[in-house]
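I have placed the structure first, in the form of structure tokens, so that the comments after it can refer back to it.
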Amino acid sequence: MIKSSLKEFAAALAAKSVSSVELTQWYLDRIAKLNPQINAFITVDPDKSLAQARAADTRIARGEAAPLTGIPLAQKDIFCSKGWRTTCGSKMLANFIAPYDATVIERLDAAGAVNIGKTNMDEFAMGSSNETSFFGAVKNPWDLSRVPGGSSGGSAAAVAARLAAAATGTDTGGSIRQPAALCNLTGLKPTYGVVSRYGMIAFASSLDQGGPMGHCAEDCAILLNAMAGFDPRDSTSLERPCEDYTRELTPKSGDQPLAGLRIGLPKEFFGDNEKAACDPMVTQVVQAAIAEYRMLGANFVEVSLPNSRLSVPAYYVIAPAEASSNLSRFDGVRYGYRATDYSDLNDMYCKTRAEGFGAEVKRRIMIGTYVLSHGYYDAYYLQAQRIRRLIANDFVEAFKQCDIILGPTSPCTAFKLGEKSADPVQMYLSDIYTIAVNLAGLPAMSLPCGFSESEGKRLPVGLQLIGNYFSEARLLGLANCFQQATNWHTQNPDL
């Protein structure tokens with residue numbers, strides 16, 4: 001049962017070959033055994049999880065099960081969950097018990113899913129390696145000396161190690177796709193506004209988006225069906241009809257089910273200028289995936305995203321600016337950590353924030369405050385927003401020539417713990433292929449496409465598919481077609 005998909009779990013629960021309580025207990029036992037090594041979970045509450053499992057079994061017995069009823073899912077610790085400790089990976093919220101549920105949690109609870117625990121993450125989602133968490137770094141299940149990617153690294157490691165059937169994540173600059181790539185998972189970042197941000201602790205409000213992480217495209221589609229939808233409590237939520245994201249999972253029959261599909265290959269991702277940025281072994285694996293799509297009938301065209309080279313500097317102006325505003329609420333007055341020794345109110349503010357935030361969060365707050373300050377707003381923040389528009393326009397032009405865009409998810413495989421910690425710029429460049437998507441608000445996903453050898457270890461490589469607005473179902477269908485023809489997504493670390 002360890003290798004079952006969400007659909008297979010649902011079938012087993014419906015057939016009464018396993019109960020939700022049994023399944024949940026099995027995962028809890030596995031977490032107790034393996035989490036001390038991997039550090040994927042910050043909070044596990046067996047009593048709460050088993051209570052949900054018993055309620056799910058009752059629901060199944062009444063014949064009222066939904067596709068996720070009774071299935072244990074991990075929740076990134078950025079989503080408020082009523083009665084659960086919700087830390088955002090920070091000392092600032094280390095003892096915060098959420099008084100309400102995020103919309104994503106509400107919807108998964110309504111679907112009957114079991115919350116198996118809250119997963120570790122980069123502090124306030126700021127990081128690309130899951131090393132900035134106050135609760136310690138997460139280890140990659142494929143090699144415990146390496147990072148799982150970030151900021152949703154705890155969710156990725158939990159699913160890869162089979163500590164949860166699937167998980168939620170959030171993606172601000174690649175934080176679902178990059179850890180999915182490094183841990184051999186499928187992860188989807190939806191169109192901005194498709195998944196409600198209500199109750200999702202904010203990092204950069206115009207970029208953050210929740211999404212699913214699972215072993216295959218089908219798992220992500222099932223999870224997204226429950227997560228997505230309009231929410232009047234979120235001013236950025238899009239009011240549009242509900243979709244069935246599983247509708248394109250059945251590929252066309254024949255030897256070339258993707259005949260007529262136009263896939264764009266950005267010359268900025270595959271040209272001479274990017275060869276130094278992308279590990280040659282990663283490029284080799286991605287080229288093999290391109291050949292597989294060609295055999296499935298897809299046609300390839302060269303497209304250009306000329307402003308994509310500016311995505312990293314633009315992102316690291318916009319995201320810190322929004323973070324400096326969003327994190328101003330953590331001042332020791334209303335909730336969260338408060339310094340114990342201070343002389344007056346201003347001293348309390350200063351010491352609380354100095355002690356409560358980690359180094360990466362402080363760095364981004366200071367950058368954000370600087371670019372928003374008088375005399376620098378026009379030179380930095382406004383200019384970055386103009387570049388953001390140019391990047392979005394590049395995608396508009398590219399999609400006139402192709403149906404989807406394909407490329408690497410990450411320029412490298414999982415790197416060693418501590419390898420890039422001393423050089424923030426090198427860490428930021430880990431998201432060079434993913435950030436432009438967030439700036440444009442587009443949907444994109446990463447799926448397993450092979451392995452690279454490093455120091456005797458097989459390390460996963462991710463393939464990124466980028467779609468036009470609201471093309472999640474199509475992306476999932478194209479990913480599923482690839483996964484029907486390959487078995488990379490079925491391979492698991494030896495734990």
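Each chain in the structure tokens gets a letter, A, B, ..., in the order shown, and its residues are numbered from 1; ligands are numbered from 1 in order too.
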Practice prompt. Please provide as number ranges by chain all residues within 10 Å of Val461 of chain A, with the sequence filter that same-chain residues fewer than 4 positions apart are discarded (counting only C-alpha atoms).
Written response: A: 178, 180-185, 281-283, 285-286, 408-414, 446-452, 488
To test your reading of the structure, identify every residue in segment 197-404 of chain A that backbone DSSP assigns to strand (DSSP E), and report it as a CSV table (one decimal) with C-alpha atoms, in the first residue's frame.
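Output file part_16.csv is given in full below:
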```csv
chain,number,residue,atom,x,y,z
A,210,GLY,CA,-1.2,27.6,-2.7
A,211,GLY,CA,-1.1,24.4,-4.6
A,212,PRO,CA,-0.9,20.6,-4.4
A,213,MET,CA,2.1,18.2,-4.2
A,214,GLY,CA,1.8,14.5,-4.9
A,262,ARG,CA,2.9,22.9,-29.9
A,263,ILE,CA,5.5,23.0,-27.1
A,264,GLY,CA,7.6,26.1,-26.9
A,265,LEU,CA,11.3,25.9,-25.9
A,266,PRO,CA,12.5,29.3,-24.7
A,299,ASN,CA,5.8,19.5,-32.1
A,300,PHE,CA,8.5,21.9,-30.8
A,301,VAL,CA,9.0,25.5,-31.6
A,302,GLU,CA,11.5,28.0,-30.4
A,303,VAL,CA,10.1,30.9,-28.5
A,404,ILE,CA,2.7,25.3,-23.5
```
Can you list, as a PDB file with C-alpha atoms, in the first residue's frame, every protein, DNA or RNA residue that comes within 12 Å of Arg338 of chain A when you count only C-alpha atoms, leaving out same-chain residues fewer than 3 positions away?
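The resulting file, out-v4.pdb, is shown below:
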```
ATOM      1  CA  LYS A  91      10.507  31.493  16.367  1.00  0.00           C
ATOM      2  CA  MET A  92       8.089  34.417  16.045  1.00  0.00           C
ATOM      3  CA  LEU A  93       5.143  31.985  15.896  1.00  0.00           C
ATOM      4  CA  ALA A  94       6.694  28.959  17.586  1.00  0.00           C
ATOM      5  CA  ASN A  95       3.833  28.666  20.104  1.00  0.00           C
ATOM      6  CA  PHE A  96       0.983  30.180  18.092  1.00  0.00           C
ATOM      7  CA  PHE A 330       4.778  40.694  14.046  1.00  0.00           C
ATOM      8  CA  ASP A 331       5.725  43.237  16.687  1.00  0.00           C
ATOM      9  CA  GLY A 332       5.189  41.387  19.965  1.00  0.00           C
ATOM     10  CA  VAL A 333       1.969  43.240  20.792  1.00  0.00           C
ATOM     11  CA  ARG A 334      -0.946  41.152  19.564  1.00  0.00           C
ATOM     12  CA  TYR A 335       0.346  37.611  19.112  1.00  0.00           C
ATOM     13  CA  ASP A 341      13.742  42.118  28.624  1.00  0.00           C
ATOM     14  CA  TYR A 342      13.014  45.635  27.305  1.00  0.00           C
ATOM     15  CA  LEU A 345       7.646  50.114  23.810  1.00  0.00           C
ATOM     16  CA  ASP A 347      12.773  48.758  22.694  1.00  0.00           C
ATOM     17  CA  MET A 348      10.215  45.942  22.897  1.00  0.00           C
ATOM     18  CA  TYR A 349       9.504  46.255  19.163  1.00  0.00           C
ATOM     19  CA  CYS A 350      13.185  46.223  18.279  1.00  0.00           C
ATOM     20  CA  LYS A 351      14.192  43.330  20.524  1.00  0.00           C
ATOM     21  CA  THR A 352      11.142  41.237  19.647  1.00  0.00           C
ATOM     22  CA  ARG A 353      11.837  41.471  15.937  1.00  0.00           C
ATOM     23  CA  ALA A 354      15.587  41.054  16.363  1.00  0.00           C
ATOM     24  CA  GLU A 355      15.120  37.910  18.452  1.00  0.00           C
ATOM     25  CA  GLY A 356      12.046  36.510  16.721  1.00  0.00           C
ATOM     26  CA  PHE A 357      13.129  36.650  13.065  1.00  0.00           C
TER      27      PHE A 357
END
```
Item to complete: Write down as number ranges by chain the residues belonging to segment 120-340 of chain A that are assigned helix (DSSP H, G or I) by DSSP computed on the backbone.
Response: A: 123-125, 153-160, 177-182, 217-227, 267-270, 272-275, 280-295, 308-329
Worksheet item: If you measure from atom CA of Arg30 of chain A to atom CA of Asn120 of chain A, what distance in Å do you get, rounded to one decimal?
Response: 16.6 Å
Worksheet item: Rounded to one decimal in Å, what is the spacing between atom CA of Ala74 of chain A and atom CA of Gly193 of chain A?
Response: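 About the pair atom CA of Ala74 of chain A and atom CA of Gly193 of chain A: they are 22.1 Å apart.
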